[in-house]
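Participant: Quick one: the structure is below, questions incoming.
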Amino acid sequence: RRPKQLYQSDKRPPANMKPSTASSAPKCVVDRSIYTILRSFINDGENASISSRSTPSASDGVPPSIERLHRLHGTSLLLDAATLLCLPPSTYATACTTFHRMYHRISLKKYCVWSMALACTLLAGKVEEEPRTARSIILTFSHIYRRRRLRIGDDIEKYTYGAADCEADDAASLTNDEKENIIRSAKPMSLGGPVYAEWRDTLFHMENVILKTLGFTLHWIPDSHPHKFILYFVRVLEIESKEVAQQAWNYCNDSCSLDLCVQYDPEVIACAAILMASSIHNVELPLIPRPWWEVFIGPNRDQHLSTLCNSILAVGDEKDLDSRRSKYSFVPSLMEDPSFTDPDSYLWSVAD
């Protein structure tokens, strides 16, 4: 006896049948699209305008420069956490891709980068099969939080961010050695105390938000990293210098700091990284009868490569105050209600 079919695609429901509530409810969709993220200013004389395609943060009135600052700040937290947790580069890249895609769906005024980075680290470890316990992630971010409030590693006398400075009391009068001593003498966090509970609740809440927003499907993200194309492209181009491959790999790591992974295909980012690396190490690549990158990404991509190269190089510019501020200091959130890490929060008052 043949089993009864559960789904009959060739039969349509009766015309008078009303749609169920479940079928009409909004659903999460797996998002693998390429988007133009930050608003671009179009200067055309009297017709100057701002392009209509923008992020949720831009729609909430956040300027592109401020959004860039918070993206840099969030990915710098991911990099510090990945380093302290001994996570491989692929896991860091997965965390950054998840981070940037989330801020394509939601605004910086709704969730702060600290909570987002916290959950992205946990999820990236699971996706890449490099899991870290919630306890180790919380203790790591708590350590980073203390360092950022003290601006350890930054030259406070040389660089100032004006009214944007946000640091612990008397941090400006302390040397780096004195700050390091404060970090070493900090009391261990009690796993049953309110501080740990604040971090833990935020971590698990944001994990659920990310999974629901991105459709509970993150397994495809590791296959979309530009790093996977570097060694293949270098081998096809017959580049024997290992320094070129390493430099291109480093540029791919720098690209994770911005939303380039959402704006461009990974093959295009990999070509831009190789283009800059070969230029630095004076390695000539074929341009006749057509540029070498057209073999990998097709024609009419020169402007994309130029934009990528300029964006990646700007990330490593130590003279850029926004770049320095995102790496060494604490950047307050844009949320209307203070974030759990903001200066007016409970964590700020008990962090030291």
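Residue numbering restarts at 1 for every chain of the structure tokens, chains are lettered A, B, ... in their displayed order, and ligands are numbered from 1 as they appear.
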If we count only C-alpha atoms, what is near Trp293 of chain A at a cut-off of 8 Å, once residues fewer than 4 positions away on the same chain are taken out, given as a JSON list (two decimals) with C-alpha atoms, in the first residue's frame?
Facilitator:
```
[["chain", "number", "residue", "atom", "x", "y", "z"],
["A", 271, "CYS", "CA", 42.11, 40.51, -6.87],
["A", 297, "ILE", "CA", 36.39, 38.57, -12.39],
["A", 298, "GLY", "CA", 35.57, 39.67, -15.93]]
```
Participant: Could you find all residues in segment 95-263 of chain A that DSSP calls helix (DSSP H, G or I) from the backbone, and write them as a ChimeraX atom specification?
Facilitator: /A:95-105,113-127,134-150,162-164,171-173,176-184,194-213,221-224,227-236,242-255,260-263
Participant: I need the residue nearest Asp265 of chain A from this list: A:Pro286, A:Pro332, A:Pro226, A:Gly215. Use only C-alpha atoms for the distance.
Facilitator: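 Using only C-alpha atoms, Asp265 of chain A sits closest to A:Pro226.
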Participant: With only C-alpha atoms as the counted atoms, please give the residues lying no more than 8 Å from segment 199-208 of chain A, apart from itself and same-chain residues fewer than 6 positions off, as a PDB file with C-alpha atoms, in the first residue's frame.
Facilitator:
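around06.pdb written:
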```pdb
ATOM      1  CA  SER A 115      26.646  43.176  22.063  1.00  0.00           C
ATOM      2  CA  MET A 116      26.807  42.349  18.351  1.00  0.00           C
ATOM      3  CA  LEU A 118      29.991  39.388  21.540  1.00  0.00           C
ATOM      4  CA  ALA A 119      27.394  37.178  19.835  1.00  0.00           C
ATOM      5  CA  CYS A 120      29.173  37.106  16.459  1.00  0.00           C
ATOM      6  CA  LEU A 122      30.170  32.857  19.694  1.00  0.00           C
ATOM      7  CA  LEU A 123      28.337  32.024  16.454  1.00  0.00           C
ATOM      8  CA  ALA A 134      30.330  31.384  26.643  1.00  0.00           C
ATOM      9  CA  ILE A 138      32.567  36.798  28.289  1.00  0.00           C
TER      10      ILE A 138
END
```
Participant: What's around segment 103-106 of chain A at 8 Å? Count only C-alpha atoms, leave out sequence neighbours fewer than 3 positions away in its own chain, and write the answer as a PyMOL selection string.
Facilitator: chain A and resi 37+55-57+99-100+110-111+213
Participant: Based on the selection just made, write C-alpha atoms of those residues as a JSON list (two decimals), in the first residue's frame.
Facilitator:
```
[["chain", "number", "residue", "atom", "x", "y", "z"],
["A", 37, "ILE", "CA", 25.94, 49.63, 1.98],
["A", 55, "THR", "CA", 21.58, 51.06, 5.49],
["A", 56, "PRO", "CA", 19.03, 51.02, 8.32],
["A", 57, "SER", "CA", 21.44, 53.20, 10.31],
["A", 99, "PHE", "CA", 28.58, 41.51, 11.96],
["A", 100, "HIS", "CA", 28.34, 43.58, 8.75],
["A", 110, "LYS", "CA", 18.87, 49.54, 18.02],
["A", 111, "TYR", "CA", 21.83, 47.34, 19.02],
["A", 213, "THR", "CA", 17.46, 37.98, 11.53]]
```
Participant: Quick one, how far is atom CA of Leu260 of chain A from atom CA of Tyr232 of chain A?
Facilitator: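 So the answer is 20.6 Å.
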Participant: Write out as a PyMOL selection string which residues come within 10 Å of Glu130 of chain A when counting only C-alpha atoms, dropping same-chain ones fewer than 2 positions away.
Facilitator: chain A and resi 86-88+90-91+122-128+132
Participant: Save the residues we just selected, all heavy atoms, as an mmCIF file, in the first residue's frame?
Facilitator:
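Listing of out.cif after writing:
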```cif
data_model
loop_
_atom_site.group_PDB
_atom_site.id
_atom_site.type_symbol
_atom_site.label_atom_id
_atom_site.label_comp_id
_atom_site.auth_asym_id
_atom_site.auth_seq_id
_atom_site.Cartn_x
_atom_site.Cartn_y
_atom_site.Cartn_z
ATOM 1 N N CYS A 86 42.593 32.730 20.499
ATOM 2 C CA CYS A 86 43.371 31.863 19.581
ATOM 3 C C CYS A 86 42.473 31.277 18.487
ATOM 4 O O CYS A 86 42.557 30.083 18.164
ATOM 5 C CB CYS A 86 44.068 30.750 20.354
ATOM 6 S SG CYS A 86 45.241 31.332 21.600
ATOM 7 N N LEU A 87 41.635 32.106 17.909
ATOM 8 C CA LEU A 87 40.770 31.677 16.820
ATOM 9 C C LEU A 87 41.491 31.865 15.486
ATOM 10 O O LEU A 87 42.225 32.846 15.307
ATOM 11 C CB LEU A 87 39.463 32.481 16.823
ATOM 12 C CG LEU A 87 38.521 32.247 18.003
ATOM 13 C CD1 LEU A 87 37.390 33.267 17.990
ATOM 14 C CD2 LEU A 87 37.971 30.836 17.978
ATOM 15 N N PRO A 88 41.294 30.984 14.516
ATOM 16 C CA PRO A 88 41.946 31.118 13.219
ATOM 17 C C PRO A 88 41.379 32.283 12.421
ATOM 18 O O PRO A 88 40.271 32.768 12.713
ATOM 19 C CB PRO A 88 41.657 29.776 12.531
ATOM 20 C CG PRO A 88 40.446 29.246 13.217
ATOM 21 C CD PRO A 88 40.513 29.737 14.628
ATOM 22 N N SER A 90 39.956 32.451 9.564
ATOM 23 C CA SER A 90 38.666 32.182 8.939
ATOM 24 C C SER A 90 37.517 32.448 9.907
ATOM 25 O O SER A 90 36.453 32.947 9.507
ATOM 26 C CB SER A 90 38.609 30.737 8.434
ATOM 27 O OG SER A 90 37.359 30.453 7.843
ATOM 28 N N THR A 91 37.714 32.130 11.179
ATOM 29 C CA THR A 91 36.675 32.380 12.178
ATOM 30 C C THR A 91 36.478 33.877 12.395
ATOM 31 O O THR A 91 35.343 34.356 12.525
ATOM 32 C CB THR A 91 37.042 31.706 13.506
ATOM 33 O OG1 THR A 91 37.300 30.320 13.274
ATOM 34 C CG2 THR A 91 35.921 31.836 14.517
ATOM 35 N N LEU A 122 30.711 34.158 19.295
ATOM 36 C CA LEU A 122 30.170 32.857 19.694
ATOM 37 C C LEU A 122 29.667 32.071 18.484
ATOM 38 O O LEU A 122 29.986 30.885 18.325
ATOM 39 C CB LEU A 122 29.033 33.064 20.697
ATOM 40 C CG LEU A 122 28.314 31.801 21.185
ATOM 41 C CD1 LEU A 122 29.251 30.921 22.001
ATOM 42 C CD2 LEU A 122 27.085 32.176 22.015
ATOM 43 N N LEU A 123 28.914 32.715 17.610
ATOM 44 C CA LEU A 123 28.337 32.024 16.454
ATOM 45 C C LEU A 123 29.402 31.640 15.432
ATOM 46 O O LEU A 123 29.338 30.567 14.829
ATOM 47 C CB LEU A 123 27.282 32.916 15.802
ATOM 48 C CG LEU A 123 25.949 33.022 16.546
ATOM 49 C CD1 LEU A 123 25.069 34.093 15.923
ATOM 50 C CD2 LEU A 123 25.241 31.680 16.533
ATOM 51 N N ALA A 124 30.393 32.505 15.229
ATOM 52 C CA ALA A 124 31.451 32.193 14.265
ATOM 53 C C ALA A 124 32.240 30.964 14.699
ATOM 54 O O ALA A 124 32.625 30.133 13.865
ATOM 55 C CB ALA A 124 32.383 33.391 14.103
ATOM 56 N N GLY A 125 32.482 30.828 15.988
ATOM 57 C CA GLY A 125 33.166 29.639 16.484
ATOM 58 C C GLY A 125 32.371 28.377 16.219
ATOM 59 O O GLY A 125 32.939 27.329 15.883
ATOM 60 N N LYS A 126 31.067 28.446 16.352
ATOM 61 C CA LYS A 126 30.230 27.277 16.073
ATOM 62 C C LYS A 126 30.219 26.945 14.590
ATOM 63 O O LYS A 126 30.306 25.779 14.198
ATOM 64 C CB LYS A 126 28.810 27.541 16.568
ATOM 65 C CG LYS A 126 28.678 27.695 18.079
ATOM 66 C CD LYS A 126 27.244 27.985 18.488
ATOM 67 C CE LYS A 126 27.107 28.140 19.996
ATOM 68 N NZ LYS A 126 25.715 28.434 20.401
ATOM 69 N N VAL A 127 30.095 27.966 13.742
ATOM 70 C CA VAL A 127 30.029 27.749 12.299
ATOM 71 C C VAL A 127 31.335 27.156 11.774
ATOM 72 O O VAL A 127 31.336 26.258 10.930
ATOM 73 C CB VAL A 127 29.708 29.073 11.576
ATOM 74 C CG1 VAL A 127 29.825 28.911 10.064
ATOM 75 C CG2 VAL A 127 28.304 29.548 11.936
ATOM 76 N N GLU A 128 32.456 27.661 12.283
ATOM 77 C CA GLU A 128 33.771 27.219 11.806
ATOM 78 C C GLU A 128 34.279 25.987 12.552
ATOM 79 O O GLU A 128 35.421 25.569 12.337
ATOM 80 C CB GLU A 128 34.779 28.353 11.968
ATOM 81 C CG GLU A 128 34.513 29.554 11.079
ATOM 82 C CD GLU A 128 34.978 29.338 9.658
ATOM 83 O OE1 GLU A 128 35.630 28.292 9.409
ATOM 84 O OE2 GLU A 128 34.689 30.194 8.808
ATOM 85 N N ARG A 132 34.092 28.173 21.250
ATOM 86 C CA ARG A 132 34.611 28.635 22.530
ATOM 87 C C ARG A 132 33.441 28.742 23.499
ATOM 88 O O ARG A 132 32.326 29.064 23.101
ATOM 89 C CB ARG A 132 35.319 29.987 22.391
ATOM 90 C CG ARG A 132 36.537 29.971 21.479
ATOM 91 C CD ARG A 132 37.637 29.086 22.036
ATOM 92 N NE ARG A 132 38.852 29.152 21.241
ATOM 93 C CZ ARG A 132 39.135 28.357 20.217
ATOM 94 N NH1 ARG A 132 38.254 27.424 19.863
ATOM 95 N NH2 ARG A 132 40.268 28.468 19.557
#
```
Participant: Can you tell me, as JSON, numbers by chain, what residues are no more than 12 Å from Tyr346 of chain A when counting only C-alpha atoms, ignoring any on the same chain fewer than 3 positions away?
Facilitator: {"A": [194, 195, 196, 197, 198, 199, 338, 339, 340, 341, 342, 343, 349, 350, 351, 352]}
Participant: I want to know what sits within 8 Å of Thr75 of chain A, based on only C-alpha atoms, with residues of the same chain fewer than 5 positions away left out; could you give that as an MDAnalysis selection string?
Facilitator: chainID A and resid 96 99 117 256:258
Participant: Which is closest to Ile183 of chain A among A:Val315, A:Leu214, A:Ile144, A:Leu347, if we use only C-alpha atoms?
Facilitator: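 The answer is A:Ile144, which sits nearest to Ile183 of chain A.
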Participant: Could you check which of A:Leu191, A:Pro131, A:Phe141, A:Leu150 is closest to Glu178 of chain A, using only C-alpha atoms?
Facilitator: A:Leu150
Participant: Figure out the distance between atom CA of Val113 of chain A and atom CA of Gly74 of chain A, please, to one decimal in Å.
Facilitator: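 Pair atom CA of Gly74 of chain A / atom CA of Val113 of chain A returns 5.1 Å.
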